[in-house]
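One structure is given here, and the rest of the page talks about it.
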Amino acid sequence: MTISGANLLGGPEPTLLPAGDPAQTELEGGADPQDVVKKYPTSSLAWAMLSDQAWDAGDIVASYAYARVGYHRGLDALRRNGWKGHGPVPWSHVPNQGFLRCLQDLGRAAGAIGETDEVVRISEFLVECDPSLG
């Protein structure tokens with residue numbers, strides 16, 4: 001619990017990825033995620049959008065693969081921004097949403113292919129990142 005900016009539980013402060021992702025600007029402008037990910041391969045948001053497109057087209061394996069890449073790109077970004085492998089990554093902070101979407105998509109696709117242990121792990125990770133995602 002955080003009151004007046006003080007973390008009373010002694011856990012890590014929330015990790016907030018930096019604003020200004022050029023991929024987000026292009027995607028919001030209607031650019032094709034396939035083109036955007038070629039330009040900005042570290043953008044979790046672009047990978048999440050590719051995952052969603054593949055899912056909508058019924059290609060579960062491609063959705064899983066895109067989500068997995070975006071998830072790992074997001075982990076790299078979180079670590080570069082002080083994340084130590086645990087602690088809050090709030091959905092309310094828009095730059096975090098690409099990573100969290102990839103994590104959600106990965107869980108969805110893992111469930112579809114019967115990867116039960118991964119679904120449980122991802123569900124727990126999502127709640128650790130932001131309890132509202134549970």
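Here's how to read the names in the structure tokens: chain A, B, ... by the order shown, residue numbers from 1 in each chain, ligand numbers from 1 in the order shown.
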Surrounding residues of Ser132 in chain A excluding itself and chain neighbours under 4 positions, 9 Å, only C-alpha atoms, as a list in words: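 Near neighbours after the sequence-gap exclusion: Pro90, Trp91, Leu126 and Val127 of chain A.
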Write out the residues from the selection above, keeping N, CA and C atoms, as a compact mmCIF listing (two decimals), in the first residue's frame.
```
# COMPACT_ATOMS: atom_id res chain seq x y z
N PRO A 90 2.34 -1.01 -13.36
CA PRO A 90 0.92 -0.65 -13.47
C PRO A 90 0.41 -0.45 -14.90
N TRP A 91 -0.78 -1.03 -15.14
CA TRP A 91 -1.48 -0.86 -16.42
C TRP A 91 -1.83 0.60 -16.64
N LEU A 126 0.88 -11.50 -13.92
CA LEU A 126 0.01 -10.36 -14.21
C LEU A 126 -0.51 -9.72 -12.93
N VAL A 127 -0.94 -10.55 -11.98
CA VAL A 127 -1.45 -10.02 -10.70
C VAL A 127 -0.34 -9.32 -9.93
```
For Leu78 in chain A, list every protein, DNA or RNA residue within 9 Å, evaluated using only C-alpha atoms, and leave out those in the same chain fewer than 2 positions away; present the list as a list in words.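 Residues near the query, excluding close chain neighbours: Thr15, Leu16, Leu17, Arg73, Gly74, Leu75, Asp76, Arg80, Asn81, Gly82, Trp83, Lys84, Gly85, Val89, Asn96 and Phe99 of chain A.
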Using N, CA and C atoms, can you export the residues from the last selection as a PDB file, in the first residue's frame?
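Saved result, result.pdb, follows:
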```pdb
ATOM      1  N   THR A  15       7.432   0.207 -11.557  1.00  0.00           N
ATOM      2  CA  THR A  15       8.294   0.483 -12.700  1.00  0.00           C
ATOM      3  C   THR A  15       7.439   1.129 -13.773  1.00  0.00           C
ATOM      4  N   LEU A  16       7.903   2.263 -14.254  1.00  0.00           N
ATOM      5  CA  LEU A  16       7.185   3.023 -15.272  1.00  0.00           C
ATOM      6  C   LEU A  16       8.095   3.176 -16.486  1.00  0.00           C
ATOM      7  N   LEU A  17       7.721   2.537 -17.569  1.00  0.00           N
ATOM      8  CA  LEU A  17       8.508   2.665 -18.790  1.00  0.00           C
ATOM      9  C   LEU A  17       8.397   4.092 -19.320  1.00  0.00           C
ATOM     10  N   ARG A  73      10.993  -8.562 -25.126  1.00  0.00           N
ATOM     11  CA  ARG A  73      11.420  -7.172 -25.378  1.00  0.00           C
ATOM     12  C   ARG A  73      10.989  -6.278 -24.220  1.00  0.00           C
ATOM     13  N   GLY A  74       9.793  -6.541 -23.689  1.00  0.00           N
ATOM     14  CA  GLY A  74       9.303  -5.778 -22.546  1.00  0.00           C
ATOM     15  C   GLY A  74      10.118  -6.024 -21.289  1.00  0.00           C
ATOM     16  N   LEU A  75      10.495  -7.278 -21.049  1.00  0.00           N
ATOM     17  CA  LEU A  75      11.354  -7.574 -19.895  1.00  0.00           C
ATOM     18  C   LEU A  75      12.669  -6.805 -19.997  1.00  0.00           C
ATOM     19  N   ASP A  76      13.234  -6.769 -21.195  1.00  0.00           N
ATOM     20  CA  ASP A  76      14.478  -6.008 -21.404  1.00  0.00           C
ATOM     21  C   ASP A  76      14.269  -4.532 -21.060  1.00  0.00           C
ATOM     22  N   ARG A  80      15.986  -2.317 -18.026  1.00  0.00           N
ATOM     23  CA  ARG A  80      16.738  -1.075 -18.310  1.00  0.00           C
ATOM     24  C   ARG A  80      16.205   0.094 -17.490  1.00  0.00           C
ATOM     25  N   ASN A  81      14.972  -0.027 -17.025  1.00  0.00           N
ATOM     26  CA  ASN A  81      14.340   1.057 -16.269  1.00  0.00           C
ATOM     27  C   ASN A  81      14.210   0.744 -14.780  1.00  0.00           C
ATOM     28  N   GLY A  82      15.065  -0.148 -14.289  1.00  0.00           N
ATOM     29  CA  GLY A  82      15.181  -0.358 -12.863  1.00  0.00           C
ATOM     30  C   GLY A  82      14.437  -1.524 -12.261  1.00  0.00           C
ATOM     31  N   TRP A  83      13.659  -2.232 -13.055  1.00  0.00           N
ATOM     32  CA  TRP A  83      12.894  -3.371 -12.541  1.00  0.00           C
ATOM     33  C   TRP A  83      13.861  -4.491 -12.197  1.00  0.00           C
ATOM     34  N   LYS A  84      13.677  -5.107 -11.039  1.00  0.00           N
ATOM     35  CA  LYS A  84      14.582  -6.157 -10.560  1.00  0.00           C
ATOM     36  C   LYS A  84      13.969  -7.555 -10.625  1.00  0.00           C
ATOM     37  N   GLY A  85      12.976  -7.745 -11.456  1.00  0.00           N
ATOM     38  CA  GLY A  85      12.382  -9.069 -11.611  1.00  0.00           C
ATOM     39  C   GLY A  85      11.113  -9.268 -10.815  1.00  0.00           C
ATOM     40  N   VAL A  89       4.053  -3.153 -12.063  1.00  0.00           N
ATOM     41  CA  VAL A  89       4.183  -2.605 -13.412  1.00  0.00           C
ATOM     42  C   VAL A  89       2.757  -2.194 -13.784  1.00  0.00           C
ATOM     43  N   ASN A  96       3.537   1.150 -20.189  1.00  0.00           N
ATOM     44  CA  ASN A  96       3.643  -0.235 -19.708  1.00  0.00           C
ATOM     45  C   ASN A  96       2.684  -1.175 -20.439  1.00  0.00           C
ATOM     46  N   PHE A  99       3.906  -4.131 -22.957  1.00  0.00           N
ATOM     47  CA  PHE A  99       4.430  -5.309 -22.264  1.00  0.00           C
ATOM     48  C   PHE A  99       3.296  -6.116 -21.647  1.00  0.00           C
TER      49      PHE A  99
END
```
So which one's closest to Ser51 in chain A, A:Val36, A:Leu133, A:Ala67, A:Leu100? Using only C-alpha atoms, please.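 Nearest to Ser51 in chain A: A:Ala67.
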What are the closest atom pairs, with distances in Å to one decimal, for each residue of range 48-79 of chain A lying within 12 Å of range 118-124 of chain A, using only C-alpha atoms, rows by chain and rising residue number, as JSON lines?
```
{"residue": "A:Tyr64", "atom": "CA", "partner": "A:Glu118", "partner_atom": "CA", "distance": 11.7}
{"residue": "A:Arg68", "atom": "CA", "partner": "A:Ile122", "partner_atom": "CA", "distance": 11.5}
{"residue": "A:Tyr71", "atom": "CA", "partner": "A:Ile122", "partner_atom": "CA", "distance": 10.8}
```
Take the residues from that selection and put them in a file with C-alpha atoms, as a JSON list (two decimals), in the first residue's frame.
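The resulting file, out-v7.json, is shown below:
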```json
[["chain", "number", "residue", "atom", "x", "y", "z"],
["A", 64, "TYR", "CA", 1.94, -17.10, -29.20],
["A", 68, "ARG", "CA", 6.58, -14.24, -26.60],
["A", 71, "TYR", "CA", 7.14, -10.16, -23.68]]
```
Excluding same-chain residues fewer than 3 positions from Gly87 in chain A, what lies within 7 Å of it counting only C-alpha atoms, as a list in words?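 Once the adjacent positions are removed, what remains is Gly11, Pro12, Pro14, Glu128 and Cys129 of chain A.
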Selection above as a file: C-alpha atoms, as a PDB file, in the first residue's frame:
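What landed in part11.pdb:
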```pdb
ATOM      1  CA  GLY A  11       8.337  -3.482  -1.697  1.00  0.00           C
ATOM      2  CA  PRO A  12       9.765  -1.960  -4.836  1.00  0.00           C
ATOM      3  CA  PRO A  14       6.272   0.733  -9.517  1.00  0.00           C
ATOM      4  CA  GLU A 128       2.004  -9.195  -9.312  1.00  0.00           C
ATOM      5  CA  CYS A 129       2.429  -6.525 -11.997  1.00  0.00           C
TER       6      CYS A 129
END
```
